[in-house]
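Below: start03.cif (mmCIF, C-alpha atoms)
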```cif
data_structure
loop_
_atom_site.label_atom_id
_atom_site.label_comp_id
_atom_site.auth_asym_id
_atom_site.auth_seq_id
_atom_site.Cartn_x
_atom_site.Cartn_y
_atom_site.Cartn_z
CA MET A 224 -11.52 -19.06 18.02
CA ALA A 225 -14.84 -18.56 16.23
CA LEU A 226 -13.59 -15.39 14.58
CA GLY A 227 -10.43 -17.13 13.45
CA GLN A 228 -12.46 -20.01 12.00
CA ARG A 229 -14.67 -17.52 10.19
CA LEU A 230 -11.64 -15.99 8.51
CA GLU A 231 -10.23 -19.41 7.65
CA LYS A 232 -13.47 -20.32 5.85
CA THR A 233 -13.31 -17.26 3.57
CA THR A 234 -11.78 -17.64 0.14
CA LYS A 235 -8.04 -17.12 0.12
CA ALA A 236 -7.13 -14.50 -2.42
CA PRO A 237 -3.64 -14.86 -3.86
CA GLY A 238 -4.60 -12.80 -6.89
CA LEU A 239 -7.22 -11.28 -9.14
CA HIS A 240 -7.65 -10.11 -12.73
CA LEU A 241 -7.86 -6.45 -13.70
CA ALA A 242 -7.92 -5.02 -17.24
CA GLY A 243 -6.57 -8.28 -18.63
CA GLU A 244 -3.67 -8.40 -16.18
CA THR A 245 -3.13 -11.00 -13.45
CA LEU A 246 -2.28 -9.45 -10.10
CA THR A 247 -0.87 -11.18 -7.03
CA LEU A 248 -1.93 -9.61 -3.73
CA ASP A 249 0.96 -10.22 -1.38
CA ARG A 250 0.73 -10.64 2.40
CA CYS A 251 3.17 -7.72 2.88
CA GLY A 252 0.72 -5.28 1.28
CA GLY A 253 2.56 -5.13 -2.02
CA LEU A 254 1.18 -6.02 -5.45
CA TRP A 255 3.13 -8.29 -7.80
CA ILE A 256 2.50 -8.40 -11.57
CA GLU A 257 4.48 -11.32 -12.92
CA ALA A 258 3.92 -10.51 -16.60
CA HIS A 259 5.68 -7.17 -16.12
CA ARG A 260 8.00 -8.31 -13.31
CA THR A 261 6.72 -5.31 -11.38
CA LEU A 262 6.28 -4.84 -7.62
CA ILE A 263 3.93 -2.04 -6.54
CA VAL A 264 3.76 -0.57 -3.04
CA SER A 265 1.82 2.46 -1.87
CA ASP A 266 1.96 5.09 0.85
CA LEU A 267 5.32 4.31 2.43
CA HIS A 268 5.23 7.65 4.30
CA LEU A 269 8.96 7.47 4.97
CA GLU A 270 10.21 9.88 7.64
CA LYS A 271 6.78 10.37 9.18
CA GLY A 272 8.28 10.18 12.67
CA SER A 273 10.85 12.87 11.92
CA ALA A 274 8.17 15.04 10.28
CA TYR A 275 6.15 15.07 13.51
CA ALA A 276 9.24 16.00 15.49
CA ALA A 277 10.19 18.80 13.09
CA ARG A 278 6.72 20.34 12.92
CA SER A 279 5.32 20.03 16.41
CA GLY A 280 8.03 18.70 18.69
CA GLN A 281 5.97 15.52 19.07
CA PHE A 282 8.53 12.75 19.21
CA LEU A 283 7.75 9.30 17.86
CA PRO A 284 10.27 6.44 17.89
CA PRO A 285 12.48 7.34 14.89
CA TYR A 286 12.49 3.87 13.36
CA ASP A 287 9.54 3.98 10.97
CA THR A 288 11.65 4.49 7.85
CA ARG A 289 13.96 1.62 8.71
CA GLU A 290 11.09 -0.73 9.52
CA THR A 291 9.26 0.14 6.30
CA LEU A 292 12.39 -0.32 4.20
CA ALA A 293 13.10 -3.65 5.90
CA CYS A 294 9.66 -4.92 4.89
CA LEU A 295 10.18 -3.62 1.37
CA HIS A 296 13.59 -5.31 1.22
CA GLU A 297 11.98 -8.64 2.15
CA ALA A 298 9.47 -8.30 -0.69
CA VAL A 299 12.15 -7.30 -3.19
CA VAL A 300 14.26 -10.32 -2.23
CA ARG A 301 11.30 -12.69 -2.67
CA PHE A 302 10.12 -11.34 -6.03
CA ASP A 303 13.35 -9.97 -7.54
CA PRO A 304 11.40 -7.40 -9.60
CA ALA A 305 12.72 -5.68 -12.71
CA ARG A 306 10.61 -2.66 -11.74
CA VAL A 307 9.39 -1.22 -8.44
CA VAL A 308 6.63 1.39 -8.41
CA ALA A 309 6.07 3.42 -5.24
CA LEU A 310 2.50 4.63 -5.68
CA GLY A 311 2.67 8.06 -4.06
CA ASP A 312 3.14 9.48 -0.57
CA SER A 313 6.44 7.64 -0.42
CA PHE A 314 7.64 10.42 1.89
CA HIS A 315 5.49 12.02 4.55
CA ASP A 316 6.48 15.48 3.32
CA SER A 317 8.67 17.08 0.67
CA ARG A 318 11.65 17.42 3.01
CA GLY A 319 11.60 13.77 4.04
CA PRO A 320 14.59 12.84 1.87
CA GLU A 321 16.70 15.51 3.61
CA ARG A 322 16.01 13.96 7.02
CA MET A 323 16.83 10.36 6.07
CA GLU A 324 19.64 8.70 7.96
CA PRO A 325 22.65 7.75 5.79
CA GLY A 326 22.01 4.06 6.41
CA ASP A 327 18.40 4.35 5.26
CA ARG A 328 19.43 6.29 2.18
CA ALA A 329 21.97 3.57 1.40
CA MET A 330 19.26 0.91 1.72
CA VAL A 331 17.08 2.75 -0.80
CA ALA A 332 20.02 2.93 -3.20
CA ALA A 333 20.70 -0.80 -2.77
CA LEU A 334 17.05 -1.65 -3.46
CA GLN A 335 17.12 0.46 -6.62
CA GLU A 336 20.29 -1.06 -8.02
CA GLY A 337 19.69 -2.80 -11.35
CA ARG A 338 15.95 -1.97 -11.35
CA ASP A 339 13.63 0.54 -12.92
CA TRP A 340 12.39 2.43 -9.87
CA VAL A 341 9.41 4.76 -10.30
CA TRP A 342 8.21 7.27 -7.70
CA ILE A 343 4.60 8.28 -8.41
CA ALA A 344 3.73 11.74 -7.07
CA GLY A 345 1.42 11.81 -4.06
CA ASN A 346 -0.33 14.61 -2.21
CA HIS A 347 2.23 14.53 0.62
CA ASP A 348 5.37 14.37 -1.52
CA HIS A 349 4.41 15.99 -4.81
CA ALA A 350 7.33 18.43 -4.52
CA VAL A 351 9.92 15.64 -4.28
CA THR A 352 11.43 15.25 -7.75
CA GLU A 353 15.06 14.39 -7.08
CA GLY A 354 17.58 13.30 -4.49
CA VAL A 355 16.59 9.70 -3.86
CA GLY A 356 17.35 8.00 -7.17
CA GLY A 357 14.86 6.45 -9.54
CA ARG A 358 12.56 8.42 -11.81
CA TYR A 359 9.44 10.44 -11.10
CA ALA A 360 6.00 10.41 -12.74
CA GLU A 361 2.46 11.63 -12.16
CA THR A 362 0.97 8.37 -13.48
CA LEU A 363 2.28 5.21 -15.12
CA ALA A 364 0.66 3.01 -17.76
CA LEU A 365 1.43 -0.70 -17.45
CA GLY A 366 -0.30 -2.88 -20.02
CA GLY A 367 -4.00 -2.21 -19.54
CA LEU A 368 -3.42 -0.67 -16.11
CA THR A 369 -3.13 2.94 -15.02
CA LEU A 370 -1.14 3.55 -11.83
CA ARG A 371 -1.73 6.76 -9.88
CA HIS A 372 -1.82 7.94 -6.29
CA GLU A 373 -5.36 9.24 -5.83
CA PRO A 374 -8.31 7.27 -7.24
CA GLY A 375 -10.69 9.18 -9.49
CA VAL A 376 -14.48 8.96 -9.28
CA GLY A 377 -16.09 7.63 -12.46
CA ALA A 378 -15.01 5.12 -15.06
CA ALA A 379 -11.79 3.54 -13.82
CA ALA A 380 -11.18 0.31 -15.71
CA GLY A 381 -7.68 -0.84 -14.82
CA GLU A 382 -6.96 1.88 -12.26
CA ILE A 383 -4.62 1.03 -9.39
CA ALA A 384 -4.37 3.72 -6.72
CA GLY A 385 -3.52 4.28 -3.08
CA HIS A 386 -4.12 7.36 -0.88
CA LEU A 387 -7.04 6.08 1.22
CA HIS A 388 -5.13 3.57 3.42
CA PRO A 389 -7.99 1.03 3.41
CA CYS A 390 -8.59 -1.26 6.38
CA GLY A 391 -11.23 -3.93 6.84
CA LYS A 392 -12.84 -4.95 10.12
CA VAL A 393 -14.49 -8.30 10.85
CA ALA A 394 -16.48 -8.57 14.09
CA MET A 395 -18.12 -11.59 15.70
CA ARG A 396 -19.43 -12.29 19.19
CA GLY A 397 -17.87 -9.23 20.74
CA ARG A 398 -14.44 -9.69 19.19
CA ALA A 399 -12.99 -7.99 16.13
CA VAL A 400 -10.03 -8.12 13.80
CA ARG A 401 -9.02 -4.99 11.88
CA ARG A 402 -6.41 -5.31 9.14
CA ARG A 403 -5.02 -3.35 6.23
CA CYS A 404 -6.48 -4.50 2.95
CA PHE A 405 -6.66 -4.25 -0.81
CA VAL A 406 -10.08 -3.23 -2.13
CA SER A 407 -11.38 -4.12 -5.58
CA ASP A 408 -14.57 -4.53 -7.58
CA GLY A 409 -12.81 -6.14 -10.54
CA HIS A 410 -12.46 -2.80 -12.33
CA ARG A 411 -10.22 -0.77 -10.01
CA LEU A 412 -7.97 -1.62 -7.08
CA ILE A 413 -7.10 0.48 -4.03
CA MET A 414 -3.82 -0.49 -2.37
CA PRO A 415 -3.21 -0.73 1.39
CA ALA A 416 -0.71 1.63 2.97
CA PHE A 417 2.71 0.00 3.27
CA GLY A 418 4.36 2.36 5.78
CA ALA A 419 5.01 1.33 9.38
CA TYR A 420 3.39 4.47 10.84
CA THR A 421 0.42 4.75 8.50
CA GLY A 422 -3.10 4.62 9.90
CA GLY A 423 -6.09 3.18 8.08
CA LEU A 424 -9.56 4.19 6.90
CA ASN A 425 -12.34 1.64 7.32
CA VAL A 426 -13.59 0.50 3.91
CA ARG A 427 -17.18 0.99 5.12
CA ASN A 428 -16.44 4.72 5.31
CA ALA A 429 -18.43 6.91 2.91
CA ALA A 430 -15.21 7.84 1.07
CA PHE A 431 -15.27 4.44 -0.66
CA GLU A 432 -18.91 4.53 -1.79
CA PRO A 433 -18.50 6.63 -4.96
CA LEU A 434 -15.49 4.54 -5.99
CA PHE A 435 -17.32 1.21 -5.64
CA PRO A 436 -21.04 1.94 -6.21
CA ASN A 437 -21.79 -1.71 -6.97
CA GLY A 438 -19.91 -3.16 -4.01
CA PHE A 439 -16.43 -4.54 -3.52
CA THR A 440 -14.31 -7.25 -1.98
CA ALA A 441 -11.75 -6.41 0.70
CA HIS A 442 -8.61 -8.55 0.67
CA LEU A 443 -7.38 -8.42 4.27
CA LEU A 444 -3.73 -8.96 5.11
CA GLY A 445 -3.66 -11.89 7.50
CA ASP A 446 -0.85 -13.73 9.23
CA GLY A 447 1.03 -15.08 6.25
CA ARG A 448 -1.91 -14.97 3.84
CA VAL A 449 -4.55 -12.74 2.29
CA PHE A 450 -8.28 -13.27 2.83
CA ALA A 451 -11.07 -12.12 0.50
CA ILE A 452 -14.06 -10.87 2.47
CA GLY A 453 -17.26 -9.48 0.98
CA ARG A 454 -18.57 -6.06 1.92
CA THR A 455 -21.53 -7.43 3.87
CA MET A 456 -19.20 -9.31 6.24
CA LEU A 457 -17.28 -6.17 7.13
CA ALA A 458 -18.08 -4.05 10.17
CA ARG A 459 -17.88 -0.32 10.67
CA ASP A 460 -15.60 1.16 13.32
#
```
In structure tokens, write the structure found in this file.
Amino acid sequence: MALGQRLEKTTKAPGLHLAGETLTLDRCGGLWIEAHRTLIVSDLHLEKGSAYAARSGQFLPPYDTRETLACLHEAVVRFDPARVVALGDSFHDSRGPERMEPGDRAMVAALQEGRDWVWIAGNHDHAVTEGVGGRYAETLALGGLTLRHEPGVGAAAGEIAGHLHPCGKVAMRGRAVRRRCFVSDGHRLIMPAFGAYTGGLNVRNAAFEPLFPNGFTAHLLGDGRVFAIGRTMLARD
């Protein structure tokens, strides 16, 4: 109860401003930019379950792609975007599209219909350049924003990236809540992973320090809302 009240007292964070653009941080883990009618999602890792089975014989329930696409469908229905940008690692490996079930492939095609669909190259799926519709790019400029998969150390005004799968943890009186999150310092934004089978890296990990040397705010995905929580309130794993 106390932990829940602590989260309720934090500032709700429906959006923020970055490089002159207004961004809406959605509870699903997607990013909506109304001025450009653009929905951004990152790290779908489609066909991760089938990749594990193909490589090591380790079988995971083969429903991750369908679950991820269902969540994406819900966001697309709510926002009706003119453009969808998948911010890299959309597939867990380069052969992911080959392993997709026909029904899942049809769902992707339906989501793309009538929209500009952009696949940004990630480190897992850099070799994927055709076969699933849409268009492919290394980076994408959108107003004052630069969209890419991996964040770069150094000046990054307007950079939106994924790759790190950020999660934030809040602990109090022996109890803890750990959630996927957006991370921003007002200059750059790191997206949460959207995929059903994606893990998460605690934002207090050293990997985030060079990207946010002056601190950051983590925007945790809660039950039906997003909560902004300062770095000092976040616990390590």
Which protein, DNA or RNA residues are at most 10 Å from (3.9, 11.0, -4.0) in the file's coordinates when you count only C-alpha atoms, listed as a PyMOL selection string?
-> chain A and resi 265-268+309-317+342-352+359-361+371-373+386
Emit the selected residues as a PDB file, keeping the file's coordinate frame, including C-alpha atoms.
```
ATOM      1  CA  SER A 265       1.820   2.460  -1.870  1.00  0.00           C
ATOM      2  CA  ASP A 266       1.960   5.090   0.850  1.00  0.00           C
ATOM      3  CA  LEU A 267       5.320   4.310   2.430  1.00  0.00           C
ATOM      4  CA  HIS A 268       5.230   7.650   4.300  1.00  0.00           C
ATOM      5  CA  ALA A 309       6.070   3.420  -5.240  1.00  0.00           C
ATOM      6  CA  LEU A 310       2.500   4.630  -5.680  1.00  0.00           C
ATOM      7  CA  GLY A 311       2.670   8.060  -4.060  1.00  0.00           C
ATOM      8  CA  ASP A 312       3.140   9.480  -0.570  1.00  0.00           C
ATOM      9  CA  SER A 313       6.440   7.640  -0.420  1.00  0.00           C
ATOM     10  CA  PHE A 314       7.640  10.420   1.890  1.00  0.00           C
ATOM     11  CA  HIS A 315       5.490  12.020   4.550  1.00  0.00           C
ATOM     12  CA  ASP A 316       6.480  15.480   3.320  1.00  0.00           C
ATOM     13  CA  SER A 317       8.670  17.080   0.670  1.00  0.00           C
ATOM     14  CA  TRP A 342       8.210   7.270  -7.700  1.00  0.00           C
ATOM     15  CA  ILE A 343       4.600   8.280  -8.410  1.00  0.00           C
ATOM     16  CA  ALA A 344       3.730  11.740  -7.070  1.00  0.00           C
ATOM     17  CA  GLY A 345       1.420  11.810  -4.060  1.00  0.00           C
ATOM     18  CA  ASN A 346      -0.330  14.610  -2.210  1.00  0.00           C
ATOM     19  CA  HIS A 347       2.230  14.530   0.620  1.00  0.00           C
ATOM     20  CA  ASP A 348       5.370  14.370  -1.520  1.00  0.00           C
ATOM     21  CA  HIS A 349       4.410  15.990  -4.810  1.00  0.00           C
ATOM     22  CA  ALA A 350       7.330  18.430  -4.520  1.00  0.00           C
ATOM     23  CA  VAL A 351       9.920  15.640  -4.280  1.00  0.00           C
ATOM     24  CA  THR A 352      11.430  15.250  -7.750  1.00  0.00           C
ATOM     25  CA  TYR A 359       9.440  10.440 -11.100  1.00  0.00           C
ATOM     26  CA  ALA A 360       6.000  10.410 -12.740  1.00  0.00           C
ATOM     27  CA  GLU A 361       2.460  11.630 -12.160  1.00  0.00           C
ATOM     28  CA  ARG A 371      -1.730   6.760  -9.880  1.00  0.00           C
ATOM     29  CA  HIS A 372      -1.820   7.940  -6.290  1.00  0.00           C
ATOM     30  CA  GLU A 373      -5.360   9.240  -5.830  1.00  0.00           C
ATOM     31  CA  HIS A 386      -4.120   7.360  -0.880  1.00  0.00           C
TER      32      HIS A 386
END
```
So, counting only C-alpha atoms, which residue among A:Ala419, A:Gly252, A:Gly377, A:Gly357 is closest to Arg289 (chain A)?
->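 Closest to Arg289 (chain A) of all the choices is A:Ala419.
CA of Leu241 (chain A) is positioned 7.8 Å from CA of Ala380 (chain A).
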Around (3.6, 1.6, -15.8) in the file's own coordinates, what residues are found within 12 Å if you use all atoms listed in the file, given back as a VMD selection string?
-> chain A and resid 256 259 to 263 306 to 310 339 to 343 358 to 371 381 to 383
Counting only C-alpha atoms, the residue of A:Gly326, A:Gly391, A:Gly453, A:Pro433 that sits nearest Gly375 (chain A) =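 Answer, going by the shortest atom-to-atom distance: A:Pro433.
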Gap from CA of Ser407 (chain A) to CA of Thr245 (chain A) - Å, one decimal |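 If I compute the distance from CA of Ser407 (chain A) to CA of Thr245 (chain A), I get 13.3 Å.
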Shortest interatomic distance to Arg427 (chain A) - which of A:Arg250, A:Arg459, A:Lys271, A:His388, counting all atoms listed in the file |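 Ranking A:Arg250, A:Arg459, A:Lys271, A:His388 by distance to Arg427 (chain A), first place goes to A:Arg459.
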Once the PyMOL selection byres ((chain A and resi 454) around 8) has been applied to the shown file, what residues remain in the selection, as an MDAnalysis selection string?
-> chainID A and resid 427 438:441 452:453 455:457
Export region 296-417 of chain A from the structure block above, keeping C-alpha atoms, as a CSV table (one decimal), in the first residue's frame.
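Generated file (result-v5.csv):
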```csv
chain,number,residue,atom,x,y,z
A,296,HIS,CA,-2.5,-3.2,-32.9
A,297,GLU,CA,-4.2,-1.7,-29.9
A,298,ALA,CA,-1.9,1.3,-30.0
A,299,VAL,CA,-2.4,1.8,-33.8
A,300,VAL,CA,-6.2,1.6,-33.3
A,301,ARG,CA,-6.1,4.3,-30.6
A,302,PHE,CA,-3.8,6.7,-32.4
A,303,ASP,CA,-4.5,6.0,-36.0
A,304,PRO,CA,-1.0,7.1,-37.1
A,305,ALA,CA,0.0,8.2,-40.5
A,306,ARG,CA,3.5,6.8,-39.8
A,307,VAL,CA,4.8,4.0,-37.6
A,308,VAL,CA,8.5,3.8,-36.9
A,309,ALA,CA,9.9,0.5,-35.5
A,310,LEU,CA,13.1,1.7,-33.8
A,311,GLY,CA,15.4,-1.3,-34.4
A,312,ASP,CA,15.6,-4.9,-33.3
A,313,SER,CA,12.1,-5.4,-34.6
A,314,PHE,CA,13.1,-9.1,-35.2
A,315,HIS,CA,15.2,-11.1,-32.9
A,316,ASP,CA,17.5,-12.2,-35.8
A,317,SER,CA,17.8,-11.7,-39.5
A,318,ARG,CA,15.8,-14.9,-40.3
A,319,GLY,CA,12.8,-13.9,-38.1
A,320,PRO,CA,10.6,-12.9,-41.0
A,321,GLU,CA,11.0,-16.4,-42.5
A,322,ARG,CA,9.7,-18.0,-39.4
A,323,MET,CA,6.6,-15.9,-38.9
A,324,GLU,CA,3.3,-17.6,-39.0
A,325,PRO,CA,1.1,-16.7,-41.9
A,326,GLY,CA,-1.5,-15.1,-39.5
A,327,ASP,CA,1.2,-12.9,-37.9
A,328,ARG,CA,2.5,-11.9,-41.3
A,329,ALA,CA,-1.0,-10.9,-42.3
A,330,MET,CA,-1.4,-8.8,-39.1
A,331,VAL,CA,1.8,-6.9,-40.0
A,332,ALA,CA,0.5,-6.2,-43.5
A,333,ALA,CA,-2.9,-5.0,-42.1
A,334,LEU,CA,-1.1,-2.7,-39.7
A,335,GLN,CA,1.0,-1.2,-42.5
A,336,GLU,CA,-2.0,-0.6,-44.8
A,337,GLY,CA,-2.4,3.0,-45.7
A,338,ARG,CA,0.6,4.1,-43.5
A,339,ASP,CA,4.2,5.0,-43.9
A,340,TRP,CA,5.9,2.2,-42.1
A,341,VAL,CA,9.7,2.5,-41.3
A,342,TRP,CA,11.9,-0.2,-40.0
A,343,ILE,CA,15.1,1.2,-38.4
A,344,ALA,CA,18.0,-1.2,-38.5
A,345,GLY,CA,19.0,-2.7,-35.2
A,346,ASN,CA,22.0,-4.8,-34.1
A,347,HIS,CA,19.8,-8.0,-34.1
A,348,ASP,CA,18.1,-7.4,-37.4
A,349,HIS,CA,20.5,-5.3,-39.5
A,350,ALA,CA,20.5,-7.8,-42.3
A,351,VAL,CA,16.7,-7.6,-42.7
A,352,THR,CA,16.0,-5.3,-45.6
A,353,GLU,CA,13.0,-6.8,-47.3
A,354,GLY,CA,10.1,-9.3,-47.0
A,355,VAL,CA,7.9,-7.7,-44.4
A,356,GLY,CA,6.7,-4.6,-46.2
A,357,GLY,CA,7.4,-1.0,-45.3
A,358,ARG,CA,10.7,0.7,-45.9
A,359,TYR,CA,14.1,0.4,-44.2
A,360,ALA,CA,16.5,3.0,-42.9
A,361,GLU,CA,19.6,3.4,-40.7
A,362,THR,CA,18.2,6.6,-39.1
A,363,LEU,CA,15.3,8.9,-39.6
A,364,ALA,CA,15.0,12.6,-39.1
A,365,LEU,CA,11.7,13.9,-37.9
A,366,GLY,CA,11.5,17.6,-37.3
A,367,GLY,CA,14.2,18.4,-34.8
A,368,LEU,CA,14.5,14.7,-33.8
A,369,THR,CA,16.9,12.0,-34.9
A,370,LEU,CA,15.6,8.4,-34.6
A,371,ARG,CA,18.1,5.6,-34.4
A,372,HIS,CA,18.5,2.2,-32.7
A,373,GLU,CA,21.6,2.6,-30.6
A,374,PRO,CA,22.2,5.8,-28.6
A,375,GLY,CA,25.5,7.6,-29.1
A,376,VAL,CA,27.7,9.0,-26.3
A,377,GLY,CA,28.2,12.7,-26.6
A,378,ALA,CA,26.0,15.6,-27.8
A,379,ALA,CA,22.6,14.1,-28.6
A,380,ALA,CA,20.0,16.9,-28.7
A,381,GLY,CA,16.8,15.4,-30.1
A,382,GLU,CA,18.0,11.8,-30.2
A,383,ILE,CA,15.4,9.1,-29.7
A,384,ALA,CA,16.9,5.6,-29.4
A,385,GLY,CA,16.2,2.1,-28.0
A,386,HIS,CA,18.6,-0.8,-27.6
A,387,LEU,CA,19.1,-0.7,-23.9
A,388,HIS,CA,15.6,-2.0,-22.8
A,389,PRO,CA,15.5,0.4,-19.7
A,390,CYS,CA,13.6,-0.6,-16.6
A,391,GLY,CA,13.2,1.3,-13.4
A,392,LYS,CA,12.9,-0.1,-9.9
A,393,VAL,CA,11.2,1.6,-6.9
A,394,ALA,CA,11.7,-0.1,-3.5
A,395,MET,CA,10.2,0.8,-0.1
A,396,ARG,CA,9.9,-1.1,3.2
A,397,GLY,CA,11.0,-4.4,1.7
A,398,ARG,CA,8.8,-4.3,-1.3
A,399,ALA,CA,9.7,-3.3,-4.9
A,400,VAL,CA,8.1,-2.6,-8.2
A,401,ARG,CA,10.2,-3.0,-11.4
A,402,ARG,CA,8.7,-1.7,-14.7
A,403,ARG,CA,9.8,-0.9,-18.2
A,404,CYS,CA,10.4,2.8,-18.7
A,405,PHE,CA,11.3,5.7,-20.9
A,406,VAL,CA,14.4,7.6,-19.8
A,407,SER,CA,15.1,11.2,-20.6
A,408,ASP,CA,17.1,14.2,-19.5
A,409,GLY,CA,15.3,16.6,-21.8
A,410,HIS,CA,17.9,16.3,-24.5
A,411,ARG,CA,17.7,12.6,-25.5
A,412,LEU,CA,15.1,9.9,-24.9
A,413,ILE,CA,15.7,6.1,-24.6
A,414,MET,CA,12.6,4.0,-25.4
A,415,PRO,CA,11.5,0.9,-23.4
A,416,ALA,CA,11.5,-2.4,-25.2
A,417,PHE,CA,8.0,-3.2,-26.6
```
